[in-house]
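Notes follow the structure.
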Amino acid sequence: MNLDEIYAKYDKIIREDSSLPYIKCNNCNSTFFYPRHFCPKCGSNNIEVMRSSGIGKVFSWTKIYRKGDKWIYGIVELEEGFKVYCNFTEDIKIGDKVKVKVVPKDDRYYSIIASKI
Ligand SMILES: [Zn+2]
């Protein structure tokens with residue numbers, strides 16, 4: 001699988017139902033979010049694109065204040081074992097259980113959003 005094929009599979013999963021795609025290495029069982037055509041841990045190209053349940057817990061977070069607006073931004077650790085940066089829709093604390101969704105903004109960009117469950 002080359003990177004274009006991986007991007008196409010990511011795009012399909014996101015646009016089907018806002019699920020979070022990820023990559024699983026069939027050689028060492030590592031999981032990771034960012035699209036790559038080989039495993040960053042063992043170098044194998046025996047990888048596949050998977051669909052995450054979106055269920056995870058808050059790993060870390062911060063609040064950003066700017067001109068009267070507030071964003072809560074941080075990292076979620078998914079139950080499949082990888083981490084992803086997200087925007088949170090509400091106040092959270094480390095360890096809270098959340099559901100992550102990927103919302104397309106336009107043809108190229110999307111937002112990764114986590115809400116408490
Ligand atoms: Zn691997």
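The way I read the labels, and the way they are meant: chains A, B, ... in the order of the structure tokens, residue 1 as the first residue of every chain, and ligand 1 as the first ligand shown, with later ones counted on from there.
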Can I get the residues of chain A within 8 Å of ligand 1, each with the closest pair of atoms and their distance in Å to one decimal, using only C-alpha atoms and all ligand atoms, sorted chain first then ascending number, as CSV?
```
residue,atom,partner,partner_atom_place_in_ligand_line,distance
A:Lys24,CA,ligand 1,1 (Zn),7.9
A:Cys25,CA,ligand 1,1 (Zn),4.7
A:Asn26,CA,ligand 1,1 (Zn),6.7
A:Asn27,CA,ligand 1,1 (Zn),5.0
A:Cys28,CA,ligand 1,1 (Zn),4.1
A:Asn29,CA,ligand 1,1 (Zn),6.0
A:Ser30,CA,ligand 1,1 (Zn),5.4
A:Phe38,CA,ligand 1,1 (Zn),7.8
A:Cys39,CA,ligand 1,1 (Zn),4.6
A:Pro40,CA,ligand 1,1 (Zn),6.7
A:Lys41,CA,ligand 1,1 (Zn),5.1
A:Cys42,CA,ligand 1,1 (Zn),4.1
A:Gly43,CA,ligand 1,1 (Zn),6.0
A:Ser44,CA,ligand 1,1 (Zn),5.4
A:Asn45,CA,ligand 1,1 (Zn),8.0
A:Asn46,CA,ligand 1,1 (Zn),7.8
A:Ile47,CA,ligand 1,1 (Zn),7.8
```
Picked from chain A by DSSP as strand (DSSP E), as an MDAnalysis selection string: chainID A and resid 21:25 31:32 47:51 55:66 69:78 83:88 97:104 110:116
Non-local contacts of stretch 73-75 of chain A (9 Å; only C-alpha atoms; under 5 positions in same chain excluded) as a list in words: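 Final neighbour list, sorted by chain and number: Lys57, Val58, Phe59, Ser60, Trp61, Thr62, Lys63, Ile64, Lys83, Val84, Tyr85, Cys86, Asn87 and Phe88 of chain A.
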Limited to N, CA and C atoms, could you put the picked residues into a file as a compact mmCIF listing (two decimals), in the first residue's frame?
```txt
# COMPACT_ATOMS: atom_id res chain seq x y z
N LYS A 57 -9.61 7.52 26.47
CA LYS A 57 -9.64 8.35 27.68
C LYS A 57 -8.66 9.51 27.53
N VAL A 58 -8.97 10.58 28.27
CA VAL A 58 -8.17 11.79 28.19
C VAL A 58 -6.78 11.51 28.75
N PHE A 59 -5.76 11.78 27.94
CA PHE A 59 -4.37 11.56 28.34
C PHE A 59 -3.76 12.85 28.87
N SER A 60 -4.07 13.98 28.20
CA SER A 60 -3.63 15.29 28.68
C SER A 60 -4.47 16.36 27.99
N TRP A 61 -4.47 17.56 28.54
CA TRP A 61 -5.27 18.64 27.93
C TRP A 61 -4.74 19.99 28.37
N THR A 62 -5.15 21.02 27.64
CA THR A 62 -4.85 22.40 28.00
C THR A 62 -5.97 23.29 27.50
N LYS A 63 -6.09 24.47 28.09
CA LYS A 63 -7.09 25.44 27.61
C LYS A 63 -6.36 26.58 26.95
N ILE A 64 -6.93 27.04 25.83
CA ILE A 64 -6.35 28.15 25.09
C ILE A 64 -7.39 29.26 25.07
N LYS A 83 -2.53 7.22 20.29
CA LYS A 83 -2.97 8.51 20.81
C LYS A 83 -3.21 9.47 19.65
N VAL A 84 -4.11 10.43 19.90
CA VAL A 84 -4.43 11.41 18.86
C VAL A 84 -4.72 12.76 19.52
N TYR A 85 -4.33 13.85 18.84
CA TYR A 85 -4.67 15.20 19.30
C TYR A 85 -6.13 15.49 18.95
N CYS A 86 -6.85 16.13 19.89
CA CYS A 86 -8.27 16.43 19.69
C CYS A 86 -8.62 17.80 20.25
N ASN A 87 -9.74 18.31 19.77
CA ASN A 87 -10.43 19.40 20.44
C ASN A 87 -11.51 18.77 21.31
N PHE A 88 -11.66 19.27 22.52
CA PHE A 88 -12.70 18.76 23.41
C PHE A 88 -13.89 19.71 23.39
```
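Of note, atom CA of A:Asp96 and atom CA of A:Ile112 are spaced 16.9 Å apart.
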Between atom CA of A:Lys105 and atom CA of A:Phe32, distance in Å (one decimal):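 So the answer is 22.7 Å.
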Interatomic distance (Å, one decimal) between atom CA of A:Ser18 and atom CA of A:Lys93: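 Atom CA of A:Lys93 lies 24.0 Å from atom CA of A:Ser18.
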For A:Ala114: contacts at 9 Å, only C-alpha atoms, fewer than 6 positions along chain excluded, given as a list in words: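 Counting only C-alpha atoms, the residues come to Gly54, Val76, Cys86, Asn87, Phe88, Thr89, Glu90, Val98, Lys99, Val100, Lys101 and Val102 of chain A.
The nearest approach to A:Asp17 among the residues A:Ile72, A:Arg51, A:Ile117, A:Lys97, with only C-alpha atoms taken into account, belongs to A:Arg51.
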Nearby residues (only C-alpha atoms) at most 10 Å from A:Val103, same-chain spacing under 6 positions excluded, as a list in words: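 The contact residues come out as Ile14, Arg15, Asp17, Ser18, Ser19, Leu20, Tyr109, Tyr110, Ser111, Ile112 and Ile113 of chain A.
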Kindly save the residues from that selection, with C-alpha atoms included, as a short mmCIF file (atom, residue, chain, number, x, y, z; two decimals), in the first residue's frame.
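This went into selection-v9.cif:
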```
data_model
loop_
_atom_site.label_atom_id
_atom_site.label_comp_id
_atom_site.auth_asym_id
_atom_site.auth_seq_id
_atom_site.Cartn_x
_atom_site.Cartn_y
_atom_site.Cartn_z
CA ILE A 14 -13.93 9.59 7.84
CA ARG A 15 -16.56 10.51 5.26
CA ASP A 17 -19.53 7.98 9.44
CA SER A 18 -16.95 10.32 11.03
CA SER A 19 -14.98 7.36 12.41
CA LEU A 20 -11.33 7.69 13.32
CA TYR A 109 -9.24 19.47 6.16
CA TYR A 110 -11.05 17.91 9.09
CA SER A 111 -11.43 18.37 12.85
CA ILE A 112 -10.90 15.66 15.44
CA ILE A 113 -13.41 16.23 18.24
#
```
Neighbour list for A:His37 as an mmCIF file with C-alpha atoms, in the first residue's frame, cut-off 7 Å, only C-alpha atoms, skip fewer than 4 positions in-chain:
```
data_model
loop_
_atom_site.group_PDB
_atom_site.id
_atom_site.type_symbol
_atom_site.label_atom_id
_atom_site.label_comp_id
_atom_site.auth_asym_id
_atom_site.auth_seq_id
_atom_site.Cartn_x
_atom_site.Cartn_y
_atom_site.Cartn_z
ATOM 1 C CA MET A 1 0.000 0.000 0.000
ATOM 2 C CA ASN A 2 1.397 3.411 -0.911
ATOM 3 C CA LEU A 3 0.584 6.669 0.886
ATOM 4 C CA ASN A 45 5.253 -2.512 5.433
#
```
Residue neighbourhood A:Tyr7, 12 Å, only C-alpha atoms, exclusion window fewer than 6 positions, as a list in words: Met1, Ile13, Ile14, Pro21, Tyr22, Ile23, Phe33, Tyr34, Pro35, Arg36, His37, Glu48, Val49 and Arg108 of chain A
Just write the chosen residues, N, CA, C and O atoms, as a PDB file, in the first residue's frame.
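The result, written out as out_11.pdb:
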```pdb
ATOM      1  N   MET A   1       0.845  -1.193   0.000  1.00  0.00           N
ATOM      2  CA  MET A   1       0.000   0.000   0.000  1.00  0.00           C
ATOM      3  C   MET A   1       0.884   1.248   0.000  1.00  0.00           C
ATOM      4  O   MET A   1       1.748   1.378   0.853  1.00  0.00           O
ATOM      5  N   ILE A  13     -13.155   6.238   5.375  1.00  0.00           N
ATOM      6  CA  ILE A  13     -13.631   5.945   6.737  1.00  0.00           C
ATOM      7  C   ILE A  13     -14.189   7.216   7.384  1.00  0.00           C
ATOM      8  O   ILE A  13     -15.262   7.207   7.992  1.00  0.00           O
ATOM      9  N   ILE A  14     -13.481   8.334   7.226  1.00  0.00           N
ATOM     10  CA  ILE A  14     -13.929   9.589   7.838  1.00  0.00           C
ATOM     11  C   ILE A  14     -15.256  10.032   7.239  1.00  0.00           C
ATOM     12  O   ILE A  14     -16.188  10.393   7.958  1.00  0.00           O
ATOM     13  N   PRO A  21      -9.830   6.743  11.608  1.00  0.00           N
ATOM     14  CA  PRO A  21      -9.005   5.674  11.050  1.00  0.00           C
ATOM     15  C   PRO A  21      -7.664   5.585  11.782  1.00  0.00           C
ATOM     16  O   PRO A  21      -7.224   6.569  12.397  1.00  0.00           O
ATOM     17  N   TYR A  22      -7.027   4.445  11.706  1.00  0.00           N
ATOM     18  CA  TYR A  22      -5.665   4.307  12.247  1.00  0.00           C
ATOM     19  C   TYR A  22      -4.976   3.172  11.499  1.00  0.00           C
ATOM     20  O   TYR A  22      -5.599   2.479  10.685  1.00  0.00           O
ATOM     21  N   ILE A  23      -3.702   2.995  11.781  1.00  0.00           N
ATOM     22  CA  ILE A  23      -2.940   1.947  11.117  1.00  0.00           C
ATOM     23  C   ILE A  23      -2.471   0.924  12.151  1.00  0.00           C
ATOM     24  O   ILE A  23      -2.030   1.289  13.243  1.00  0.00           O
ATOM     25  N   PHE A  33      -1.715   6.629  14.527  1.00  0.00           N
ATOM     26  CA  PHE A  33      -2.729   7.410  13.825  1.00  0.00           C
ATOM     27  C   PHE A  33      -2.231   7.997  12.513  1.00  0.00           C
ATOM     28  O   PHE A  33      -2.900   7.899  11.491  1.00  0.00           O
ATOM     29  N   TYR A  34      -1.081   8.653  12.540  1.00  0.00           N
ATOM     30  CA  TYR A  34      -0.659   9.388  11.347  1.00  0.00           C
ATOM     31  C   TYR A  34      -0.400   8.438  10.185  1.00  0.00           C
ATOM     32  O   TYR A  34       0.268   7.428  10.351  1.00  0.00           O
ATOM     33  N   PRO A  35      -0.949   8.776   8.989  1.00  0.00           N
ATOM     34  CA  PRO A  35      -0.798   7.889   7.838  1.00  0.00           C
ATOM     35  C   PRO A  35       0.669   7.718   7.431  1.00  0.00           C
ATOM     36  O   PRO A  35       1.366   8.695   7.192  1.00  0.00           O
ATOM     37  N   ARG A  36       1.106   6.487   7.424  1.00  0.00           N
ATOM     38  CA  ARG A  36       2.456   6.157   6.978  1.00  0.00           C
ATOM     39  C   ARG A  36       2.354   4.860   6.204  1.00  0.00           C
ATOM     40  O   ARG A  36       1.440   4.073   6.432  1.00  0.00           O
ATOM     41  N   HIS A  37       3.293   4.607   5.314  1.00  0.00           N
ATOM     42  CA  HIS A  37       3.232   3.354   4.552  1.00  0.00           C
ATOM     43  C   HIS A  37       4.134   2.279   5.139  1.00  0.00           C
ATOM     44  O   HIS A  37       4.327   1.232   4.553  1.00  0.00           O
ATOM     45  N   GLU A  48      -2.136  -2.388   7.911  1.00  0.00           N
ATOM     46  CA  GLU A  48      -3.471  -2.197   7.348  1.00  0.00           C
ATOM     47  C   GLU A  48      -4.175  -1.035   8.016  1.00  0.00           C
ATOM     48  O   GLU A  48      -3.902  -0.704   9.161  1.00  0.00           O
ATOM     49  N   VAL A  49      -5.081  -0.422   7.248  1.00  0.00           N
ATOM     50  CA  VAL A  49      -5.872   0.698   7.759  1.00  0.00           C
ATOM     51  C   VAL A  49      -7.089   0.131   8.466  1.00  0.00           C
ATOM     52  O   VAL A  49      -7.804  -0.712   7.921  1.00  0.00           O
ATOM     53  N   ARG A 108     -10.170  18.979   2.029  1.00  0.00           N
ATOM     54  CA  ARG A 108      -8.821  18.644   2.498  1.00  0.00           C
ATOM     55  C   ARG A 108      -8.676  18.573   4.002  1.00  0.00           C
ATOM     56  O   ARG A 108      -7.793  17.891   4.495  1.00  0.00           O
TER      57      ARG A 108
END
```
